[in-house]
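Novice: Could you have a look at this structure, given as structure tokens, before my questions?
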Amino acid sequence: MSTKDFIEKDFYKVLGVPKDATEAEIKKAYRKLARENHPDANKGNAKAEERFKEISEANDVLGDPKKRKEYDEARALFGNGGFRPGPGGAGGGSFNFDLGDLFGGGAQGGQGGAGGFGGGLGDVFGGLFNRGGTGTTRTQPRRGQDIDTEVTLSFTEAIEGATVPLRMSSQSPCKACAGTGDKNGTPRVCPTCVGTGQVARGSGGGFSLTDPCPDCKGRGLIAEHPCMECKGSGRAKSSRTMQVRIPAGVSDGQRIRLRGKGAPGERGGPAGDLYVTVHVDAHPVFGRKEDNLTVTVPVTFTEAALGGEVRVPTLGGPPVTLKLPPGTPNGRTMRARGKGAVRKDGTRGDLLVTVEVSVPNDVTGKAREALEAYREATAGEDPRAELFQAAKGA
């Protein structure tokens, strides 16, 4: 969109909303008009297609709070016929303004004469379009790069949380040239992008998109005498050690984002983010299933058959006692509530206790006599009878 269109077109009128319309009212008006004038609903209707473009253009400005503010300020200063491009065109080098409209004096400006304004739109609008006038171009802040790193935690550290040191390498302002890229510390403004770090390209429909400037690589500055350390980029590789808090309850392979802990920005820009991929070592006793911990506890045959109380270890805390019902089968899982991993809301999962009946390798003495007596007492019972019956009937 040209600057002339930006100022002269009444986007509020296009959408049919007042100048103090809320964001919700603008969105509602745009959706209604877009449905009515969409090319798919008006095939072959060139007028509707043109109207649809105008509606989209208006919404692109008024639907963005920042663009809307710039538009309102520009209209307040140069609207109502006060803007008259001279022979240089909307983007040219000379402009005529009705000084009577602007200052109430009634004088008519010439082309860079005593009553006129010379120079490009950057001289007139200053910060409205993110660039200053001739000789006062501002370079834009740049966000720092994101950093990826990895850390290995013990099983207990992952469950309880831990503060760990991380040594990271990233791009930061070059110390040799103070981040300017020029060994003399005096880079010049890039003539291609005029210091903005971006260049515009047309996309059709009256709109334009921006890409990083190919000459200055988005920095807005070009080094006349490139720094030997950073080769004119203004950035150099540096290493630092940072103490990072890993939250409780992280799982193996989880990727954590730490905002603002990445590489420093340029020219006052914000730092990037730090992404930490967590690896967790296995535990010799405990396992994990989502927010629950797991443990397998051996019990004797008599405990499983007759029931009893079983002491169960917990991670980092005192043992808990679980009641084992009579006739507990091998592989049964019981639950100790609140003894698992920490959840996001600060509560804990459970400890899942799986019973494993322990069978002795060698039975002698009175224990053997007791088992022989038990076998004789249950000689008529066949625990596999139902299995064979089911197999036969299948």
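Chains: A, B, ... in order of the structure tokens. Residues: from 1 per chain. Ligands: from 1, in order shown.
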Just the residues within 6 Å of region 251-267 of chain A, please, counting only C-alpha atoms, with nothing from its chain fewer than 3 positions along; format it as a PyMOL selection string.
Specialist: chain A and resi 141-147+170+172+270-280
Novice: Mind writing the picked residues with C-alpha atoms as a PDB file, in the first residue's frame?
Specialist:
ATOM      1  CA  PRO A 141      16.328  -3.458  17.370  1.00  0.00           C
ATOM      2  CA  ARG A 142      16.873  -7.135  16.616  1.00  0.00           C
ATOM      3  CA  ARG A 143      15.816 -10.045  18.776  1.00  0.00           C
ATOM      4  CA  GLY A 144      18.551 -12.437  19.877  1.00  0.00           C
ATOM      5  CA  GLN A 145      18.741 -15.985  18.568  1.00  0.00           C
ATOM      6  CA  ASP A 146      17.113 -18.947  20.305  1.00  0.00           C
ATOM      7  CA  ILE A 147      19.494 -21.507  21.815  1.00  0.00           C
ATOM      8  CA  SER A 170      25.721 -18.402  21.320  1.00  0.00           C
ATOM      9  CA  SER A 172      26.498 -12.085  21.182  1.00  0.00           C
ATOM     10  CA  PRO A 270      15.090  -8.571  23.448  1.00  0.00           C
ATOM     11  CA  ALA A 271      17.068 -11.731  24.113  1.00  0.00           C
ATOM     12  CA  GLY A 272      16.037 -14.965  22.441  1.00  0.00           C
ATOM     13  CA  ASP A 273      14.682 -18.019  24.260  1.00  0.00           C
ATOM     14  CA  LEU A 274      16.512 -21.035  25.662  1.00  0.00           C
ATOM     15  CA  TYR A 275      15.165 -24.508  24.814  1.00  0.00           C
ATOM     16  CA  VAL A 276      16.378 -27.317  27.082  1.00  0.00           C
ATOM     17  CA  THR A 277      15.834 -30.967  26.146  1.00  0.00           C
ATOM     18  CA  VAL A 278      15.816 -33.101  29.308  1.00  0.00           C
ATOM     19  CA  HIS A 279      17.207 -36.636  29.545  1.00  0.00           C
ATOM     20  CA  VAL A 280      16.435 -38.668  32.678  1.00  0.00           C
TER      21      VAL A 280
END
Novice: Could you check the closest approach to Asp182 (chain A) for each of A:Ser233, A:Thr294, A:Gln198, A:Ser154 and tell me which residue wins, using only C-alpha atoms?
Specialist: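 Using only C-alpha atoms, Asp182 (chain A) sits closest to A:Ser233.
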Novice: Neighbours of Val295 (chain A) within 8 Å (only C-alpha atoms; same-chain residues fewer than 5 positions away dropped), as JSON, numbers by chain?
Specialist: {"A": [285, 286, 287, 351, 352, 353, 354]}
Novice: Out of A:Pro313, A:Pro329, A:Gly365, A:Gly16, which residue has the shortest atom-to-atom distance to Phe301 (chain A) when counting only C-alpha atoms?
Specialist: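 Of A:Pro313, A:Pro329, A:Gly365, A:Gly16, the one nearest Phe301 (chain A) is A:Pro329, counting only C-alpha atoms.
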Novice: I need the residue nearest Val312 (chain A) from this list: A:Ala282, A:Leu324, A:Ala74, A:Val297. Use only C-alpha atoms for the distance.
Specialist: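 Selected residue with least distance to Val312 (chain A): A:Val297.
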Novice: Tell me, as a PyMOL selection string, which residues lie within 6 Å of region 184-197 of chain A, counting only C-alpha atoms; anything in the same chain fewer than 6 positions away does not count.
Specialist: chain A and resi 139-140+177+212-213+218-223
Novice: Would you output that residue set with C-alpha atoms, as an mmCIF file, in the first residue's frame?
Specialist:
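Okay, this is what ended up in selection.cif:
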data_model
loop_
_atom_site.group_PDB
_atom_site.id
_atom_site.type_symbol
_atom_site.label_atom_id
_atom_site.label_comp_id
_atom_site.auth_asym_id
_atom_site.auth_seq_id
_atom_site.Cartn_x
_atom_site.Cartn_y
_atom_site.Cartn_z
ATOM 1 C CA THR A 139 18.149 1.160 12.709
ATOM 2 C CA GLN A 140 15.721 -1.269 14.285
ATOM 3 C CA CYS A 177 34.043 -3.771 17.690
ATOM 4 C CA PRO A 212 15.325 -9.055 5.370
ATOM 5 C CA CYS A 213 17.588 -6.747 3.389
ATOM 6 C CA GLY A 218 18.753 -7.402 8.183
ATOM 7 C CA ARG A 219 21.146 -5.358 10.372
ATOM 8 C CA GLY A 220 20.441 -1.979 8.788
ATOM 9 C CA LEU A 221 24.176 -1.200 8.916
ATOM 10 C CA ILE A 222 27.130 -1.878 6.635
ATOM 11 C CA ALA A 223 30.738 -1.889 7.865
#
Novice: Could you pull out the strand (DSSP E or B) residues of region 165-353 of chain A from DSSP and send them as a PyMOL selection string?
Specialist: chain A and resi 165-173+182+188-189+198-204+207-212+221-222+226+235-246+255-258+266+274-280+287-289+292-299+308-314+317-324+333-336+342+348+351-353
Novice: With distances taken over only C-alpha atoms, which of A:Leu371, A:Leu166, A:Arg240, A:Pro318 is nearest to Thr152 (chain A)?
Specialist: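 Result for the nearest residue to Thr152 (chain A): A:Leu166.
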